[in-house]
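**Student:** Before I ask anything, here is the structure I am working with.
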Amino acid sequence: MPALSDIRLSFLDLVAVREGGTVRDALALALRTARHAESLGFTRYWMAEHHNMEGIASSATAVMVGHVAGGTERIRVGSGGIMLPNHAPLVVAEAFGTLAELYPGRIDLGLGRAPGTDPATMRALRRDRTESVDDFPRDVAELQRLLAPAQPGQRLIATPGAGTEVPIWLLGSSLFSAQLAAERGLPYAFASHFAPRLLLQAVELYRARFRPSATLAEPYVAIGVPMIAAPTDDEAEFLASSTYRRILGILTGARGKLAPPEEGFVASLQPQERAAIGDFLAAGVIGGPETVHAGLQTLAERTGADEMILVCDIFDPALRLRSLDIAAAAVRTMPATADALA
């Protein structure tokens with residue numbers, strides 16, 4: 001089991017649009033945050049694909065990956081993830097193959113099998129396509145072929161893409177992707193930043209069934225960690241009210257832009273609302289430096305994770321960066337390099 005100081009830290013950005021702000025502001029903040037994460041030695045910076053959501057500006061995920069990679073120097077940049085049912089594998093291979101040619105050794109391709117949106121938008125993205133349970137494994141295999149070196153007689157070649165061998169991760173919040181990642185010998189990231197219920201079961205399944213591959217000799221696990229850090233526990237709880245409000249909006253279908261923190265917000269909630277938010281954030285770490293250190297240590301001991309991918313939705317951009325400073329100090333040393341495991 002890795003010691004806390006040996007666990008890599010990374011960041012997942014939903015590229016939140018803040019109340020009173022614009023999409024352009026959100027895009028600029030993503031790059032600013034990535035540069036700060038890079039300066040702290042974070043291993044990777046990922047962005048998530050969501051559609052038709054007023055408060056999230058990362059729908060064109062591959063474009064965002066290029067934006068952030070072009071403005072940084074060493075940190076790995078990628079998708080956390082591309083929702084594969086929304087895209088033809090060839091299009092994904094060409095997009096990420098192009099990114100890999102532009103920023104060699106720095107691009108990750110995380111793949112999910114959820115639509116990342118509502119049913120109406122899903123139909124707009126997929127047109128008349130209907131999905132079966134076999135589609136995701138088949139599409140993952142096709143992407144692996146398209147990003148591998150072209151073989152003699154191969155008729156469909158991604159150009160760019162072939163031979164770039166962009167590292168593929170499988171992402172998930174259930175046992176399906178854990179098992180598939182194990183069978184294919186791929187790294188696995190569990191979405192415990194919003195669906196922590198099956199975290200331990202999925203990680204155990206992945207490790208138990210892992211088969212070494214040309215990509216990976218041993219299982220490699222990353223976990224999503226909602227994290228709000230401040231100089232004191234009280235301030236962190238106050239800042240986290242923005243996250244609580246966002247989660248309540250997700251749970252009630254009233255999504256919107258990221259709101260400023262609100263004093264007394266938790267006290268204003270009904271018991272069932274507080275319980276639902278608590279379930280959503282069961283893997284969360286919120287507090288001052290000592291609380292953050294203890295929380296990350298507990299997650300490390302419970303999961304044996306190789307990497308923690310932090311999600312930090314703080315309304316004030318400067319305080320968001322400060323939160324990353326505190327998290328990095330809590331972990332103390334991180335062996336993060338540009339060529340770290342994909």
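For the structure tokens, the naming scheme is as follows: chains receive sequential letters (A, B, ...) according to their order of presentation, residues are indexed from 1 within each chain, and ligands are indexed from 1 in presentation order.
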I'd like to know which residues of range 86-327 of chain A are strand (DSSP E) (by DSSP, run on the backbone); could you write them as an NGL selection string?

**Tutor:** :A and (107-112 or 168-172 or 188-190 or 221-229 or 285-287 or 307-311)

**Student:** Quick one: residues within 10 Å of range 261-268 of chain A, only C-alpha atoms, excluding same-chain residues fewer than 4 positions away - as a ChimeraX atom specification?

**Tutor:** /A:237-245,273-274,277,314-316

**Student:** Would you give me, as JSON lines, each residue of range 167-277 of chain A having an atom within 12 Å of an atom of range 321-327 of chain A, along with its shortest atom pair and that distance in Å to one decimal, using only C-alpha atoms and sorting by chain and residue number?

**Tutor:**
```
{"residue": "A:Val225", "atom": "CA", "partner": "A:Ala327", "partner_atom": "CA", "distance": 11.2}
{"residue": "A:Pro226", "atom": "CA", "partner": "A:Ala327", "partner_atom": "CA", "distance": 11.4}
{"residue": "A:Met227", "atom": "CA", "partner": "A:Ser323", "partner_atom": "CA", "distance": 8.1}
{"residue": "A:Ile228", "atom": "CA", "partner": "A:Ser323", "partner_atom": "CA", "distance": 6.2}
{"residue": "A:Ala229", "atom": "CA", "partner": "A:Ser323", "partner_atom": "CA", "distance": 4.6}
{"residue": "A:Ala230", "atom": "CA", "partner": "A:Ser323", "partner_atom": "CA", "distance": 5.9}
{"residue": "A:Pro231", "atom": "CA", "partner": "A:Ile326", "partner_atom": "CA", "distance": 8.1}
{"residue": "A:Thr232", "atom": "CA", "partner": "A:Ile326", "partner_atom": "CA", "distance": 10.9}
{"residue": "A:Glu235", "atom": "CA", "partner": "A:Ser323", "partner_atom": "CA", "distance": 11.2}
{"residue": "A:Ala236", "atom": "CA", "partner": "A:Ser323", "partner_atom": "CA", "distance": 9.0}
{"residue": "A:Leu239", "atom": "CA", "partner": "A:Ser323", "partner_atom": "CA", "distance": 10.3}
{"residue": "A:Ala240", "atom": "CA", "partner": "A:Ser323", "partner_atom": "CA", "distance": 11.3}
```

**Student:** Gly256 in chain A: which residues within 9 Å, counting only C-alpha atoms, same-chain residues fewer than 2 positions away excluded, as a ChimeraX atom specification?

**Tutor:** /A:17-19,53-56,246,249-250,254,258-259

**Student:** Which residues come within 10 Å of Ala329 in chain A, counting only C-alpha atoms, excluding same-chain residues fewer than 5 positions away, as a PyMOL selection string?

**Tutor:** chain A and resi 5+40+289+292-293+323-324+334

**Student:** Those same residues - all heavy atoms - I'd like them written as a PDB file, in the first residue's frame.

**Tutor:**
```pdb
ATOM      1  N   SER A   5       2.760  10.028   1.142  1.00  0.00           N
ATOM      2  CA  SER A   5       3.736  10.850   0.433  1.00  0.00           C
ATOM      3  C   SER A   5       4.105  10.285  -0.930  1.00  0.00           C
ATOM      4  O   SER A   5       4.697  10.981  -1.757  1.00  0.00           O
ATOM      5  CB  SER A   5       5.002  11.012   1.283  1.00  0.00           C
ATOM      6  OG  SER A   5       5.586   9.740   1.546  1.00  0.00           O
ATOM      7  N   LEU A  40       2.864  22.950  -8.525  1.00  0.00           N
ATOM      8  CA  LEU A  40       2.851  22.177  -7.283  1.00  0.00           C
ATOM      9  C   LEU A  40       3.298  20.733  -7.491  1.00  0.00           C
ATOM     10  O   LEU A  40       3.379  19.972  -6.527  1.00  0.00           O
ATOM     11  CB  LEU A  40       1.440  22.190  -6.681  1.00  0.00           C
ATOM     12  CG  LEU A  40       0.938  23.545  -6.172  1.00  0.00           C
ATOM     13  CD1 LEU A  40      -0.538  23.444  -5.796  1.00  0.00           C
ATOM     14  CD2 LEU A  40       1.761  24.029  -4.987  1.00  0.00           C
ATOM     15  N   PRO A 289      -5.692  22.307   7.324  1.00  0.00           N
ATOM     16  CA  PRO A 289      -4.561  21.454   6.942  1.00  0.00           C
ATOM     17  C   PRO A 289      -4.520  20.102   7.662  1.00  0.00           C
ATOM     18  O   PRO A 289      -4.290  19.070   7.024  1.00  0.00           O
ATOM     19  CB  PRO A 289      -3.351  22.318   7.298  1.00  0.00           C
ATOM     20  CG  PRO A 289      -3.847  23.718   7.173  1.00  0.00           C
ATOM     21  CD  PRO A 289      -5.267  23.684   7.638  1.00  0.00           C
ATOM     22  N   VAL A 292      -7.399  17.913   6.399  1.00  0.00           N
ATOM     23  CA  VAL A 292      -7.139  17.451   5.031  1.00  0.00           C
ATOM     24  C   VAL A 292      -6.108  16.329   5.033  1.00  0.00           C
ATOM     25  O   VAL A 292      -6.284  15.298   4.364  1.00  0.00           O
ATOM     26  CB  VAL A 292      -6.679  18.627   4.148  1.00  0.00           C
ATOM     27  CG1 VAL A 292      -6.150  18.124   2.808  1.00  0.00           C
ATOM     28  CG2 VAL A 292      -7.841  19.586   3.918  1.00  0.00           C
ATOM     29  N   HIS A 293      -5.043  16.508   5.801  1.00  0.00           N
ATOM     30  CA  HIS A 293      -4.023  15.455   5.884  1.00  0.00           C
ATOM     31  C   HIS A 293      -4.636  14.155   6.390  1.00  0.00           C
ATOM     32  O   HIS A 293      -4.421  13.083   5.809  1.00  0.00           O
ATOM     33  CB  HIS A 293      -2.882  15.887   6.806  1.00  0.00           C
ATOM     34  CG  HIS A 293      -1.852  14.812   7.014  1.00  0.00           C
ATOM     35  ND1 HIS A 293      -0.805  14.594   6.133  1.00  0.00           N
ATOM     36  CD2 HIS A 293      -1.732  13.862   7.986  1.00  0.00           C
ATOM     37  CE1 HIS A 293      -0.088  13.566   6.558  1.00  0.00           C
ATOM     38  NE2 HIS A 293      -0.628  13.112   7.682  1.00  0.00           N
ATOM     39  N   SER A 323      -6.413  26.319  -1.889  1.00  0.00           N
ATOM     40  CA  SER A 323      -6.837  24.983  -1.484  1.00  0.00           C
ATOM     41  C   SER A 323      -5.894  23.913  -2.038  1.00  0.00           C
ATOM     42  O   SER A 323      -5.558  22.946  -1.344  1.00  0.00           O
ATOM     43  CB  SER A 323      -8.271  24.735  -1.972  1.00  0.00           C
ATOM     44  OG  SER A 323      -8.785  23.525  -1.476  1.00  0.00           O
ATOM     45  N   LEU A 324      -5.455  24.087  -3.269  1.00  0.00           N
ATOM     46  CA  LEU A 324      -4.500  23.142  -3.848  1.00  0.00           C
ATOM     47  C   LEU A 324      -3.164  23.211  -3.131  1.00  0.00           C
ATOM     48  O   LEU A 324      -2.492  22.185  -2.942  1.00  0.00           O
ATOM     49  CB  LEU A 324      -4.318  23.421  -5.335  1.00  0.00           C
ATOM     50  CG  LEU A 324      -5.557  23.302  -6.221  1.00  0.00           C
ATOM     51  CD1 LEU A 324      -5.155  23.338  -7.693  1.00  0.00           C
ATOM     52  CD2 LEU A 324      -6.336  22.039  -5.924  1.00  0.00           C
ATOM     53  N   MET A 334       5.424  14.585  -3.849  1.00  0.00           N
ATOM     54  CA  MET A 334       4.705  13.850  -4.888  1.00  0.00           C
ATOM     55  C   MET A 334       5.662  13.518  -6.018  1.00  0.00           C
ATOM     56  O   MET A 334       6.292  14.419  -6.568  1.00  0.00           O
ATOM     57  CB  MET A 334       3.535  14.685  -5.425  1.00  0.00           C
ATOM     58  CG  MET A 334       2.438  14.904  -4.418  1.00  0.00           C
ATOM     59  SD  MET A 334       1.234  16.090  -5.027  1.00  0.00           S
ATOM     60  CE  MET A 334       2.203  17.588  -4.996  1.00  0.00           C
TER      61      MET A 334
END
```

**Student:** Near Thr72 in chain A, counting only C-alpha atoms, which residues have an atom at most 10 Å away, once you skip same-chain residues fewer than 5 positions from it, shown as a PyMOL selection string?

**Tutor:** chain A and resi 31-32+34-39+67+77

**Student:** May I have the selected residues written with C-alpha atoms, as a PDB file, in the first residue's frame?

**Tutor:**
```pdb
ATOM      1  CA  LEU A  31      -5.647  27.297 -17.632  1.00  0.00           C
ATOM      2  CA  ARG A  32      -4.655  29.357 -14.595  1.00  0.00           C
ATOM      3  CA  ALA A  34      -3.600  23.964 -14.496  1.00  0.00           C
ATOM      4  CA  ARG A  35      -0.490  26.130 -14.375  1.00  0.00           C
ATOM      5  CA  HIS A  36      -0.758  26.316 -10.606  1.00  0.00           C
ATOM      6  CA  ALA A  37      -1.245  22.554 -10.317  1.00  0.00           C
ATOM      7  CA  GLU A  38       1.809  22.081 -12.518  1.00  0.00           C
ATOM      8  CA  SER A  39       3.872  24.352 -10.254  1.00  0.00           C
ATOM      9  CA  HIS A  67      -6.040  24.768 -24.634  1.00  0.00           C
ATOM     10  CA  VAL A  77      -3.442  16.779 -19.701  1.00  0.00           C
TER      11      VAL A  77
END
```

**Student:** Out of A:Leu90, A:Ala16, A:Ala95, A:Leu143, which residue has the shortest atom-to-atom distance to Lys257 in chain A when counting only C-alpha atoms?

**Tutor:**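 That would be A:Ala16, the residue with the smallest distance to Lys257 in chain A.
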
**Student:** Name the residues of range 135-299 of chain A that fall into alpha helix (DSSP H) according to DSSP on the backbone, using the chain letters and numbers of this document, as a VMD selection string.

**Tutor:** chain A and resid 135 to 147 175 to 184 199 to 209 233 to 252 271 to 280 289 to 299

**Student:** Between A:Leu186, A:Val311, A:Leu319, A:Ala328, single out the one closest to Pro167 in chain A, counting only C-alpha atoms.

**Tutor:** A:Leu186

**Student:** Give the answer as one residue: which of A:Ile82, A:Pro104, A:Ala300, A:Pro187 has the shortest atom-to-atom distance to Leu200 in chain A, using only C-alpha atoms?

**Tutor:**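 With only C-alpha atoms as the atom set, the closest residue is A:Ala300.
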
**Student:** Would you mind telling me which residue in A:Gly288, A:Pro219, A:Gly278, A:Pro260 lies nearest to Ile247 in chain A when using only C-alpha atoms?

**Tutor:**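 With only C-alpha atoms as the atom set, the closest residue is A:Gly278.
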
**Student:** Between A:Asp25, A:Asp279, A:Asp135, A:Glu307, single out the one closest to Phe190 in chain A, counting only C-alpha atoms.

**Tutor:**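 Closest candidate: A:Glu307.
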
**Student:** For Arg207 in chain A, which of A:His193, A:Ala305, A:Ala282, A:Ala158 is the closest residue, counting only C-alpha atoms?

**Tutor:**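 Among the listed residues, A:Ala305 lies closest to Arg207 in chain A.
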